[in-house]
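Chemist: Here's a structure for you.
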Amino acid sequence: MPAPAAPPGRIAPLEIDPEEFRRLGHALVDRIASLVASLPDRPVTPGEPPARIREVLGGGSLPAAGTDPGPLLERAADLLAEHSLYNGHPRFFGYVTAGPAPVGILGELLAAAVNPNVGAWGLSPVASEVEAQTVRWIAEMIGFPAGCGGLLVSGGTAANVVGLLAARRARAGWDVRTEGLRGGPPLTLYASPEVHTWLKKAADLHGFGTDAVREVAADADGRLDVAALRRTLEADAAGGARPLAVVASAGTVSTGTVDPIGALADLCRERGIWLHVDGAYGGLAAVLPDAPDDLKALSRADSVAVDPHKWLYSPLDAGCALVRDSAHLPAAFSYRPPYYRFEDEERAGGTNYYEHGMENSRSFRALKVWLALQHAGRDGYARMIGDDVALARALFEAVSRHAELEARTRHLSIATFRYVPPRLAGRRAESREELNELNAELLARLQQGGEAYVSNAVAGGDFLLRACIVNFRTALADVEALPGIVVRLGRQLEQERGGAGAG
């Protein structure tokens, strides 16, 4: 059968003429602006089960014929408006995901329109330079050397993995890229029990094995114990292992604790071990004039991970990996296949980012971050981050004043607490299991109810409610409303469970 002839002119089903595109775009931007303005009057989430969402979407097969884009966009806007959890809502206190800055929303549209592949400089000249400038500005914000290497990635896990793989190549002591981990003694990694799960995931996926992760004891405040770390390092080295990297947390997931990064930097330098700081959440608080010394000490690390989609209020997704010596990135990731011919741009000073990380094809994540950094400026970010910290302090104080709530921890912009009904107030230790069950049920009710959204932490065996504020739209009235919501729902649960102290 002969091949079909190439059409002399194409009518592509996906094309939209400029006037129609303009009309649809204006209508969609109007809809988005109205949606963002309406967030305080909406529930944080509709709390619907998966079956309901599938019902709304409808079943059936992929349609054979296409549909006009206007109705498609209207339906998509309706679906997202009525069936989403809004992390931009001023009473979203759940996970560390910020509400998106408006200039970042517009930046995403512009980036998608140009659609550069920021893997090679020749494919993305201005986008590559915007990314390089964005990385430099983020480094400056947190006091990291501005001449460092770095790149934008999908989020904290990816940024942390970049730092870990740079450490593996730089400090293994043999050609680990060629020989793999079999080329030398076991490589070991060190962190407190509060470290984010990315570390075990990375140890698993990259061949270290989860047993390579040594969980070093934390002190009473949940910070990695430096003396215990020293003992563990010495024991491992004496046993034939090769300590590779210490992972410090600049803002742990559960409570926002900052490890003693300055002392860890001293110990790592003494022993020739790579220091990586997981600052995905808290690292950017180093911009605060009154940031604690341990947070400012992340400037001494070999690598740092931060997340613009957390405390730079960028739309998802945007993580940033920083490595003190820029040469460590191509040393860890560079491959030069014959079908890539981008060396001329590199010789002229351009950066081919596929040589610096795991991705070859890369989206223009930097534009939304670059725009927001200029829109707010360093002082604007310091003010917004400082306000988030102050609001968490106000929440902790409001919780402390309530007889039926027990305030537990506050670090950076995270406060933890739990509901304790009057009947259990005098016997909390012996009622731990009952209190844990009660607060777990309370969390589920809070997350489904839509009035406010929190997550959880576990500290000392106690199940706690956890509120994290990384939202420039959250105000004092929002945090002051949360204790009353929690107590009201807690009392309802007590009544349903037959508790004698509800009222």
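Residue names in the structure tokens use chain letters A, B, ... in the order shown, residue numbers from 1 in each chain, and ligand numbers from 1 in the order shown.
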Please give the complete set of residues from stretch 111-246 of chain A that DSSP, run on the backbone, assigns to strand (DSSP E), formatted as a list in words.

Modeler: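 Those in stretch 111-246 of chain A that DSSP calls strand (DSSP E) are Gly149, Gly150, Leu151, Leu152, Val153, Leu187, Thr188, Leu189, Tyr190, Ala191, Val213, Arg214, Glu215, Arg242, Pro243, Leu244, Ala245 and Val246 of chain A.
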
Chemist: Residues of stretch 24-156 of chain A classed as helix (DSSP H, G or I) by DSSP on the backbone are to be reported as a PyMOL selection string.

Modeler: chain A and resi 24-41+50-57+69-82+102-114+121-123+125-142+156

Chemist: Can you tell me which residues surround A:Arg91 at a distance of at most 9 Å, considering only C-alpha atoms, apart from same-chain residues fewer than 2 positions away, and format the answer as a CSV table (one decimal) with N, CA, C and O atoms, in the first residue's frame?

Modeler:
chain,number,residue,atom,x,y,z
A,40,PRO,N,-11.1,32.9,50.4
A,40,PRO,CA,-11.4,33.0,51.8
A,40,PRO,C,-12.9,32.6,52.1
A,40,PRO,O,-13.2,32.2,53.2
A,44,VAL,N,-11.7,25.1,52.5
A,44,VAL,CA,-10.3,24.7,52.1
A,44,VAL,C,-10.4,23.5,51.1
A,44,VAL,O,-9.6,23.5,50.2
A,87,ASN,N,-4.4,24.9,48.5
A,87,ASN,CA,-3.3,25.2,49.4
A,87,ASN,C,-3.0,26.7,49.4
A,87,ASN,O,-2.2,27.2,50.2
A,88,GLY,N,-3.7,27.5,48.6
A,88,GLY,CA,-3.6,28.9,48.6
A,88,GLY,C,-4.6,29.6,49.6
A,88,GLY,O,-4.6,30.8,49.7
A,89,HIS,N,-5.5,28.7,50.1
A,89,HIS,CA,-6.5,29.2,51.1
A,89,HIS,C,-5.8,29.7,52.3
A,89,HIS,O,-4.9,29.1,52.8
A,93,PHE,N,-3.3,25.0,56.6
A,93,PHE,CA,-2.1,24.9,57.5
A,93,PHE,C,-1.5,23.5,57.4
A,93,PHE,O,-0.8,23.1,58.4
A,94,GLY,N,-1.7,22.8,56.3
A,94,GLY,CA,-1.4,21.4,56.3
A,94,GLY,C,0.1,21.2,55.9
A,94,GLY,O,1.0,21.5,56.7
A,451,GLU,N,-13.2,23.8,57.0
A,451,GLU,CA,-13.1,25.0,57.7
A,451,GLU,C,-11.6,25.4,57.8
A,451,GLU,O,-11.3,26.6,57.7
A,452,ALA,N,-10.8,24.5,58.1
A,452,ALA,CA,-9.3,24.7,58.2
A,452,ALA,C,-8.7,23.4,57.9
A,452,ALA,O,-9.3,22.3,58.1
A,453,TYR,N,-7.4,23.4,57.5
A,453,TYR,CA,-6.7,22.1,57.1
A,453,TYR,C,-5.4,22.1,57.8
A,453,TYR,O,-4.5,23.0,57.7
A,454,VAL,N,-5.2,21.1,58.7
A,454,VAL,CA,-3.9,20.8,59.3
A,454,VAL,C,-3.4,19.4,59.0
A,454,VAL,O,-4.2,18.6,58.4
A,469,ILE,N,2.5,27.4,58.5
A,469,ILE,CA,2.1,28.6,57.8
A,469,ILE,C,3.2,29.0,56.8
A,469,ILE,O,4.3,29.5,57.2
A,471,ASN,N,2.1,31.0,53.9
A,471,ASN,CA,1.1,31.6,53.0
A,471,ASN,C,1.0,33.1,53.3
A,471,ASN,O,0.6,33.5,54.4
A,473,ARG,N,-1.2,35.0,52.4
A,473,ARG,CA,-2.5,35.5,52.5
A,473,ARG,C,-3.1,35.1,53.9
A,473,ARG,O,-4.2,35.6,54.3
A,474,THR,N,-2.4,34.3,54.7
A,474,THR,CA,-2.9,34.0,56.0
A,474,THR,C,-2.7,35.2,56.9
A,474,THR,O,-1.7,35.9,56.9
A,475,ALA,N,-3.8,35.5,57.7
A,475,ALA,CA,-3.8,36.7,58.6
A,475,ALA,C,-4.0,36.2,60.0
A,475,ALA,O,-4.3,35.0,60.3
A,478,ASP,N,-7.2,34.3,60.9
A,478,ASP,CA,-7.2,32.9,60.5
A,478,ASP,C,-6.6,32.0,61.5
A,478,ASP,O,-7.2,31.0,61.8
A,479,VAL,N,-5.4,32.4,62.0
A,479,VAL,CA,-4.8,31.5,63.0
A,479,VAL,C,-5.6,31.6,64.4
A,479,VAL,O,-5.6,30.6,65.1
A,482,LEU,N,-8.5,29.1,64.5
A,482,LEU,CA,-8.2,27.6,64.5
A,482,LEU,C,-8.4,27.0,65.8
A,482,LEU,O,-9.1,25.9,65.8

Chemist: A:Glu179, A:Glu494, A:Glu194, A:Asp259: which is nearest A:Glu404, counting only C-alpha atoms?

Modeler: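 For A:Glu404, the nearest of the given residues is A:Glu494.
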
Chemist: Write out as an NGL selection string each polymer residue whose atoms come within 12 Å of A:Glu441, counting only C-alpha atoms; drop sequence neighbours fewer than 4 positions from it.

Modeler: :A and (418-419 or 434-437 or 445-448 or 455-456 or 463-465 or 486 or 489-494 or 496-497)

Chemist: Write out as a list in words the residues lying within 12 Å of A:Ala291, counting only C-alpha atoms and excluding same-chain residues fewer than 2 positions away.

Modeler: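 Residues meeting the cut-off are Ile142, Gly143, Ala250, Val258, Gly282, Gly283, Leu284, Ala285, Ala286, Val287, Leu288, Pro289, Asp293, Asp294, Leu295, Lys296, Ala297, Leu298, Ala382, Ile385, Gly386, Val389, His411 and Leu412 of chain A.
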
Chemist: Could you tell me which of A:Leu14, A:Leu391, A:Ala248, A:Leu443 comes closest to A:Ala280 if we count only C-alpha atoms?

Modeler: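 Between A:Leu14, A:Leu391, A:Ala248, A:Leu443, the residue approaching A:Ala280 most closely is A:Ala248.
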